[in-house]
file start36.txt (compact mmCIF, C-alpha atoms)
# COMPACT_ATOMS: atom_id res chain seq x y z
CA MET A 91 114.57 149.22 95.48
CA ILE A 92 113.17 148.26 98.88
CA GLY A 93 114.93 144.91 98.81
CA MET A 94 118.19 146.59 97.84
CA PHE A 95 117.71 149.15 100.63
CA GLN A 96 117.25 146.36 103.17
CA GLY A 97 120.29 144.49 101.90
CA LEU A 98 122.51 147.55 101.97
CA TRP A 99 121.26 148.55 105.43
CA THR A 100 122.25 145.10 106.64
CA ARG A 101 125.73 145.65 105.21
CA LEU A 102 126.03 149.03 106.92
CA SER A 103 124.83 147.67 110.25
CA LYS A 104 127.54 145.05 110.60
CA ARG A 105 128.83 145.04 114.16
CA ASN A 106 132.18 146.77 113.67
CA LEU A 107 130.84 149.59 111.50
CA LEU A 108 127.74 150.03 113.65
CA LEU A 109 129.70 150.25 116.90
CA TRP A 110 132.37 152.52 115.41
CA THR A 111 129.93 154.94 113.78
CA TYR A 112 127.36 155.12 116.54
CA GLY A 113 130.05 155.16 119.22
CA ALA A 114 132.03 157.94 117.51
CA LEU A 115 128.99 160.18 117.11
CA ALA A 116 127.84 159.54 120.68
CA ALA A 117 131.32 160.20 122.10
CA ALA A 118 131.70 163.44 120.13
CA ALA A 119 128.28 164.67 121.24
CA ALA A 120 128.99 163.78 124.87
CA LEU A 121 132.40 165.50 124.79
CA ILE A 122 131.10 168.76 123.33
CA THR A 123 128.12 168.71 125.68
CA THR A 124 130.47 168.40 128.64
CA ILE A 125 132.51 171.35 127.34
CA VAL A 126 129.36 173.40 126.81
CA VAL A 127 128.10 172.87 130.36
CA ALA A 128 131.53 173.22 131.95
CA GLY A 129 132.15 176.44 130.02
CA ALA A 130 129.04 178.16 131.31
CA SER A 131 129.59 180.47 134.28
CA GLU A 132 127.59 180.35 137.46
CA PRO A 133 124.07 181.78 137.01
CA ASP A 134 124.75 184.83 139.17
CA SER A 135 128.16 185.76 137.75
CA GLY A 136 127.00 187.29 134.48
CA ALA A 137 130.08 185.98 132.67
CA THR A 138 130.33 183.78 129.63
CA GLY A 139 132.52 180.82 128.88
CA PRO A 140 133.59 178.71 125.93
CA ALA A 141 131.02 176.36 124.48
CA GLY A 142 131.50 173.93 121.66
CA PRO A 143 133.67 174.99 118.75
CA PRO A 144 136.29 177.73 119.12
CA GLY A 145 134.65 181.13 119.20
CA ALA A 146 131.32 179.90 120.50
CA THR A 147 130.09 181.25 123.85
CA LEU A 148 127.33 180.18 126.18
CA THR A 149 125.70 182.05 129.01
CA PRO A 150 124.05 180.28 131.93
CA ASP A 151 120.70 181.71 130.84
CA GLN A 152 121.13 180.05 127.45
CA LEU A 153 122.00 176.75 129.07
CA ILE A 154 118.98 176.59 131.35
CA ALA A 155 116.57 177.90 128.69
CA PHE A 156 113.98 175.49 127.28
CA ASP A 157 116.16 174.79 124.24
CA GLY A 158 119.42 174.35 126.15
CA GLN A 159 119.59 170.61 126.67
CA LEU A 160 120.92 169.73 123.20
CA LEU A 161 123.11 172.78 122.56
CA GLY A 162 126.08 170.45 122.82
CA LEU A 163 124.69 168.23 120.08
CA SER A 164 124.23 171.09 117.62
CA ASN A 165 127.66 172.52 118.51
CA ALA A 166 129.22 169.12 117.80
CA VAL A 167 127.91 168.97 114.24
CA THR A 168 131.32 169.46 112.60
CA LEU A 169 132.78 166.48 114.45
CA LEU A 170 129.67 164.43 113.72
CA GLY A 171 129.82 165.52 110.09
CA ILE A 172 133.40 164.34 109.71
CA VAL A 173 132.37 160.88 110.89
CA ALA A 174 129.45 160.94 108.44
CA VAL A 175 131.74 161.90 105.54
CA VAL A 176 134.15 159.10 106.44
CA VAL A 177 131.34 156.54 106.54
CA GLY A 178 129.71 157.74 103.32
CA ALA A 179 132.95 158.00 101.36
CA GLY A 180 134.57 154.88 102.76
CA GLN A 181 131.62 152.58 102.35
CA MET A 182 130.68 153.77 98.86
CA ALA A 183 134.24 153.70 97.55
CA SER A 184 134.88 150.29 99.08
CA GLU A 185 132.11 148.87 96.89
CA TYR A 186 134.41 149.65 93.96
CA SER A 187 137.74 148.71 95.51
CA SER A 188 136.55 145.43 97.04
CA GLY A 189 134.71 144.29 93.91
CA THR A 190 131.35 143.91 95.66
CA LEU A 191 129.69 146.47 93.39
CA ARG A 192 129.62 144.00 90.53
CA ASN A 193 127.68 141.51 92.67
CA LEU A 194 125.21 144.23 93.63
CA LEU A 195 124.69 145.12 89.98
CA ILE A 196 123.90 141.51 89.18
CA ARG A 197 121.12 141.65 91.75
CA GLN A 198 119.97 145.12 90.67
CA PRO A 199 121.08 146.02 87.12
CA GLN A 200 119.17 149.32 87.16
CA ARG A 201 121.95 151.46 88.54
CA TRP A 202 119.88 154.46 89.52
CA ARG A 203 117.76 152.22 91.74
CA LEU A 204 120.86 150.74 93.29
CA LEU A 205 122.29 154.18 94.02
CA ALA A 206 118.97 155.42 95.41
CA GLY A 207 118.73 152.38 97.68
CA TRP A 208 122.31 152.89 98.80
CA TRP A 209 121.65 156.54 99.65
CA ALA A 210 118.45 155.70 101.54
CA ALA A 211 120.27 153.04 103.57
CA LEU A 212 123.11 155.44 104.36
CA ALA A 213 120.74 158.26 105.33
CA THR A 214 118.66 156.14 107.71
CA PHE A 215 121.79 154.57 109.17
CA MET A 216 123.15 158.01 110.03
CA VAL A 217 119.79 159.15 111.45
CA GLY A 218 119.99 156.21 113.85
CA ALA A 219 123.47 157.36 114.89
CA VAL A 220 122.17 160.89 115.52
CA LEU A 221 119.35 159.54 117.72
CA VAL A 222 121.85 157.60 119.83
CA ALA A 223 124.14 160.65 120.05
CA ALA A 224 121.22 162.90 121.02
CA THR A 225 120.14 160.52 123.77
CA LEU A 226 123.61 160.41 125.29
CA ALA A 227 124.09 164.17 124.89
CA GLY A 228 120.82 164.82 126.72
CA LEU A 229 121.79 162.52 129.58
CA VAL A 230 125.27 164.04 129.86
CA ALA A 231 123.80 167.54 129.80
CA GLN A 232 121.39 166.68 132.61
CA VAL A 233 124.07 165.09 134.80
CA ALA A 234 126.57 167.87 134.20
CA ALA A 235 124.05 170.67 134.70
CA THR A 236 122.70 169.10 137.88
CA GLY A 237 126.23 168.74 139.17
CA ARG A 238 126.74 172.47 138.70
CA GLY A 239 123.48 173.36 140.37
CA PHE A 240 121.64 174.59 137.27
CA ASP A 241 117.85 174.38 137.17
CA THR A 242 116.93 172.29 134.11
CA GLY A 243 113.18 172.23 134.61
CA ALA A 244 112.56 174.22 131.41
CA TRP A 245 114.13 171.44 129.35
CA TYR A 246 111.18 169.17 130.11
CA SER A 247 108.40 171.63 129.47
CA ALA A 248 106.28 171.37 126.35
CA ASP A 249 108.40 174.04 124.66
CA GLY A 250 111.56 172.24 125.73
CA LEU A 251 110.47 168.92 124.26
CA VAL A 252 109.49 170.58 120.98
CA ALA A 253 112.85 172.38 120.88
CA SER A 254 114.73 169.13 121.50
CA ILE A 255 112.85 167.34 118.74
CA ARG A 256 113.55 170.23 116.39
CA THR A 257 117.25 170.18 117.25
CA VAL A 258 117.50 166.45 116.63
CA GLY A 259 115.71 166.86 113.29
CA LEU A 260 117.98 169.68 112.14
CA VAL A 261 121.15 167.87 113.21
CA ALA A 262 119.96 164.69 111.50
CA ALA A 263 119.31 166.64 108.29
CA ALA A 264 122.80 168.14 108.45
CA ILE A 265 124.42 164.74 109.06
CA ILE A 266 122.56 163.28 106.08
CA GLY A 267 124.04 166.14 104.08
CA TYR A 268 127.56 165.36 105.25
CA ALA A 269 127.10 161.63 104.55
CA THR A 270 125.77 162.45 101.08
CA ILE A 271 128.88 164.51 100.35
CA GLY A 272 130.96 161.52 101.39
CA MET A 273 128.95 159.19 99.17
CA ILE A 274 129.37 161.53 96.18
CA LEU A 275 133.13 161.58 96.75
CA GLY A 276 133.12 157.78 96.95
CA VAL A 277 131.34 157.48 93.62
CA VAL A 278 133.59 160.02 91.89
CA LEU A 279 136.94 158.80 93.24
CA ARG A 280 136.16 155.08 93.66
CA ALA A 281 138.89 154.62 96.28
CA PRO A 282 138.33 154.98 100.04
CA ILE A 283 141.56 156.75 101.05
CA PRO A 284 141.42 159.63 98.51
CA ALA A 285 137.68 160.09 99.05
CA ILE A 286 138.03 160.27 102.83
CA ALA A 287 141.16 162.43 102.69
CA ILE A 288 139.56 165.01 100.41
CA GLY A 289 136.32 165.11 102.40
CA VAL A 290 137.96 165.46 105.80
CA GLY A 291 140.68 167.79 104.51
CA TRP A 292 138.07 170.10 103.03
CA LEU A 293 136.00 170.26 106.21
CA LEU A 294 138.86 170.51 108.71
CA ALA A 295 141.32 172.71 106.85
CA LEU A 296 140.47 174.25 103.51
CA GLU A 297 136.91 175.32 104.17
CA LEU A 298 137.71 176.80 107.59
CA ALA A 299 140.63 178.73 106.11
CA LEU A 300 138.53 180.05 103.24
CA ALA A 301 135.74 181.09 105.60
CA GLN A 302 138.20 182.94 107.82
CA PHE A 303 140.22 184.77 105.18
CA VAL A 304 137.66 185.50 102.45
CA ASP A 305 134.84 187.76 103.61
CA GLY A 306 131.37 186.49 102.82
CA LEU A 307 132.53 183.15 101.42
CA ASP A 308 131.21 181.26 104.44
CA GLN A 309 127.70 181.94 103.12
CA TRP A 310 128.41 179.62 100.18
CA LEU A 311 130.56 176.84 101.65
CA PRO A 312 128.70 173.55 102.16
CA GLY A 313 130.22 172.72 105.54
CA GLN A 314 129.40 176.16 106.94
CA LEU A 315 125.87 175.92 105.56
CA LEU A 316 125.32 172.48 107.06
CA GLY A 317 126.54 173.80 110.40
CA ALA A 318 124.03 176.63 110.16
CA VAL A 319 121.26 174.13 109.39
CA ALA A 320 122.18 172.05 112.44
CA GLY A 321 122.10 175.13 114.67
CA GLY A 322 118.80 176.41 113.32
CA GLY A 323 120.57 179.31 111.62
CA THR A 324 123.21 181.75 112.83
CA ASP A 325 123.58 185.53 112.88
CA GLY A 326 125.15 185.47 109.41
CA LEU A 327 123.47 182.40 107.93
CA ALA A 328 119.70 182.12 108.01
CA LEU A 329 118.27 178.61 108.27
CA ASP A 330 116.02 178.84 105.20
CA ARG A 331 118.74 180.23 102.94
CA SER A 332 121.34 177.75 104.18
CA ALA A 333 119.00 174.80 103.68
CA VAL A 334 118.05 175.84 100.14
CA ILE A 335 121.64 176.41 99.00
CA VAL A 336 123.04 173.23 100.50
CA ALA A 337 120.12 171.22 99.12
CA ALA A 338 120.89 172.60 95.66
CA TYR A 339 124.54 171.59 96.07
CA LEU A 340 123.57 168.07 97.09
CA VAL A 341 121.07 167.64 94.26
CA VAL A 342 123.61 168.74 91.67
CA GLY A 343 126.24 166.49 93.23
CA LEU A 344 123.92 163.50 93.32
CA VAL A 345 122.84 163.99 89.72
CA GLY A 346 126.47 164.19 88.61
CA ALA A 347 127.42 161.15 90.70
CA ALA A 348 124.45 159.22 89.31
CA ALA A 349 125.53 160.03 85.75
CA LEU A 350 129.03 158.71 86.44
CA PHE A 351 127.68 155.70 88.28
CA SER A 352 125.39 154.80 85.38
CA ARG A 353 127.96 155.13 82.60
CA ARG A 354 131.16 153.73 84.06
CA ASP A 355 132.13 150.16 83.38
CA VAL A 356 132.47 147.89 86.41
CA THR A 357 135.08 145.23 85.68
CA ALA A 358 135.98 143.94 89.12
call {"tool": "encode", "arguments": {"input": "start36.txt", "output": "C-alpha cells"}}
result
Amino acid sequence: MIGMFQGLWTRLSKRNLLLWTYGALAAAAALITTIVVAGASEPDSGATGPAGPPGATLTPDQLIAFDGQLLGLSNAVTLLGIVAVVVGAGQMASEYSSGTLRNLLIRQPQRWRLLAGWWAALATFMVGAVLVAATLAGLVAQVAATGRGFDTGAWYSADGLVASIRTVGLVAAAIIGYATIGMILGVVLRAPIPAIAIGVGWLLALELALAQFVDGLDQWLPGQLLGAVAGGGTDGLALDRSAVIVAAYLVVGLVGAAALFSRRDVTA
C-alpha cells in the first residue's frame, strides 16, 4: 500500500493540480482573513463588524486575542471545503472516466488497498494545502492588523502558538472530511462533472437552505458539522459531538464506497 500511496501522491502533485489546489486554498484563506481584519472596528469603538461568512461578527478584542491570528482560516473553511470536494471528486472519478483505474488495478489488484492508498494520498495532499493556506493567512493577518494599528503580541505567546497549531489541526481535519466526501462521490458516480456538481451544489445551496429553514437540522448536516469542527465548535454545535457524528458519516460512506469499488467491473 505504501508504494501505491507514493505513486498516487505523485499523480496528485502534478504541477497544474498542485498549483491550482494549493493556490485556491491559499487565496481563499487570504481573502477571508483580509475581510476579518478589515471588518473589525477600532479597539476603542466598542463596535463589531462583519468577519468571514455572512452572519459572523468579530470584535477587536477577539482579533487581538492569543487565538486571533488564524480566525480568517477557520472562517474560510466552507470555501476551502468546496475546493477539497472538487479535488476529491474530480480526481477519483477521473480514474474511471480516463481509464487509468484499470492500470492501477493491474499494479495493485487488491482493491481495498488501492482505495486506502488513494485516500491516504488525497488526505496528505490536502493537509499540505492547508499548511500553505495557514501560512499565508497568518502573514496576511499580521500585515493587515499592523496596518490598522492592532497589537498582535498575544499571537506569538506560548498560548498563541498552541492556539494556532490547534486551529491548523482542526481545519486540516475538516478539509480531509470534505475531500473524503468528494472521493466517495467520485467512487459512486464515476464521472467528474456529476460528482463535482452534486458535492458543490449540496454545500453551497441545498445544505445552507436546509439549515436555514428547518430548525435543528444543522446539527446533523455534514457540511455544518465540518464547519463546527474547523472552528473548534460553535454555540449550537459542540466540537466533540460534531466530530463524532461527521466521523460516523464518513466511515459509513467509505465502507459503502469500498463495497462498490470492490465489486464493480472495470472494463476501460
call {"tool": "closest_residue", "arguments": {"input": "start36.txt", "among": "A:Leu195, A:Leu298, A:Ile122, A:Ala281", "to": "Ala166 in chain A", "atoms": "only C-alpha atoms"}}
result
A:Ile122
call {"tool": "closest_residue", "arguments": {"input": "start36.txt", "among": "A:Pro282, A:Gly218, A:Gly306, A:Gly313", "to": "Gly171 in chain A", "atoms": "all atoms listed in the file"}}
result
A:Gly313
call {"tool": "residues_around", "arguments": {"input": "start36.txt", "residues": "Gly289 in chain A", "least_positions_apart": "3", "cutoff": "9 Å", "atoms": "only C-alpha atoms", "output": "list in words"}}
result
Ile172, Val175, Val176, Ala179, Ile271, Gly272, Leu275, Pro284, Ala285, Ile286, Trp292, Leu293 and Leu294 of chain A
call {"tool": "write_last_selection", "arguments": {"input": "start36.txt", "atoms": "C-alpha atoms", "output": "short mmCIF file (atom, residue, chain, number, x, y, z; two decimals), in the coordinates of the input"}}
result
data_model
loop_
_atom_site.label_atom_id
_atom_site.label_comp_id
_atom_site.auth_asym_id
_atom_site.auth_seq_id
_atom_site.Cartn_x
_atom_site.Cartn_y
_atom_site.Cartn_z
CA ILE A 172 133.40 164.34 109.71
CA VAL A 175 131.74 161.90 105.54
CA VAL A 176 134.15 159.10 106.44
CA ALA A 179 132.95 158.00 101.36
CA ILE A 271 128.88 164.51 100.35
CA GLY A 272 130.96 161.52 101.39
CA LEU A 275 133.13 161.58 96.75
CA PRO A 284 141.42 159.63 98.51
CA ALA A 285 137.68 160.09 99.05
CA ILE A 286 138.03 160.27 102.83
CA TRP A 292 138.07 170.10 103.03
CA LEU A 293 136.00 170.26 106.21
CA LEU A 294 138.86 170.51 108.71
#
call {"tool": "atom_distance", "arguments": {"input": "start36.txt", "atom1": "CA of Thr124 in chain A", "atom2": "CA of Leu327 in chain A"}}
result
26.0 Å
call {"tool": "atom_distance", "arguments": {"input": "start36.txt", "atom1": "CA of Leu108 in chain A", "atom2": "CA of Gly267 in chain A"}}
result
19.1 Å
call {"tool": "closest_residue", "arguments": {"input": "start36.txt", "among": "A:Ala118, A:Ala244, A:Leu148, A:Ala264", "to": "Leu340 in chain A", "atoms": "only C-alpha atoms"}}
result
A:Ala264
call {"tool": "closest_residue", "arguments": {"input": "start36.txt", "among": "A:Ile255, A:Ala234, A:Ala117, A:Leu205", "to": "Met182 in chain A", "atoms": "all atoms listed in the file"}}
result
A:Leu205
call {"tool": "residues_around", "arguments": {"input": "start36.txt", "residues": "Leu251 in chain A", "least_positions_apart": "6", "cutoff": "10 Å", "atoms": "all atoms listed in the file", "output": "PyMOL selection string"}}
result
chain A and resi 156-157+159+244-245+257
call {"tool": "closest_residue", "arguments": {"input": "start36.txt", "among": "A:Ala213, A:Ser164, A:Ser187, A:Arg203", "to": "Trp99 in chain A", "atoms": "all atoms listed in the file"}}
result
A:Ala213
call {"tool": "residues_around", "arguments": {"input": "start36.txt", "residues": "Asp308 in chain A", "least_positions_apart": "4", "cutoff": "10 Å", "atoms": "all atoms listed in the file", "output": "list in words"}}
result
Glu297, Leu298, Ala299, Leu300, Ala301, Gln302, Phe303, Val304, Pro312, Gly313, Gln314, Leu315, Gly326 and Leu327 of chain A
call {"tool": "residues_around", "arguments": {"input": "start36.txt", "residues": "Leu344 in chain A", "least_positions_apart": "3", "cutoff": "9 Å", "atoms": "all atoms listed in the file", "output": "JSON, numbers by chain"}}
result
{"A": [270, 271, 273, 274, 339, 340, 341, 347, 348, 349]}
call {"tool": "write_last_selection", "arguments": {"input": "start36.txt", "atoms": "C-alpha atoms", "output": "compact mmCIF listing (two decimals), in the coordinates of the input"}}
result
# COMPACT_ATOMS: atom_id res chain seq x y z
CA THR A 270 125.77 162.45 101.08
CA ILE A 271 128.88 164.51 100.35
CA MET A 273 128.95 159.19 99.17
CA ILE A 274 129.37 161.53 96.18
CA TYR A 339 124.54 171.59 96.07
CA LEU A 340 123.57 168.07 97.09
CA VAL A 341 121.07 167.64 94.26
CA ALA A 347 127.42 161.15 90.70
CA ALA A 348 124.45 159.22 89.31
CA ALA A 349 125.53 160.03 85.75
call {"tool": "atom_distance", "arguments": {"input": "start36.txt", "atom1": "CA of Arg197 in chain A", "atom2": "CA of Val173 in chain A"}}
result
29.4 Å
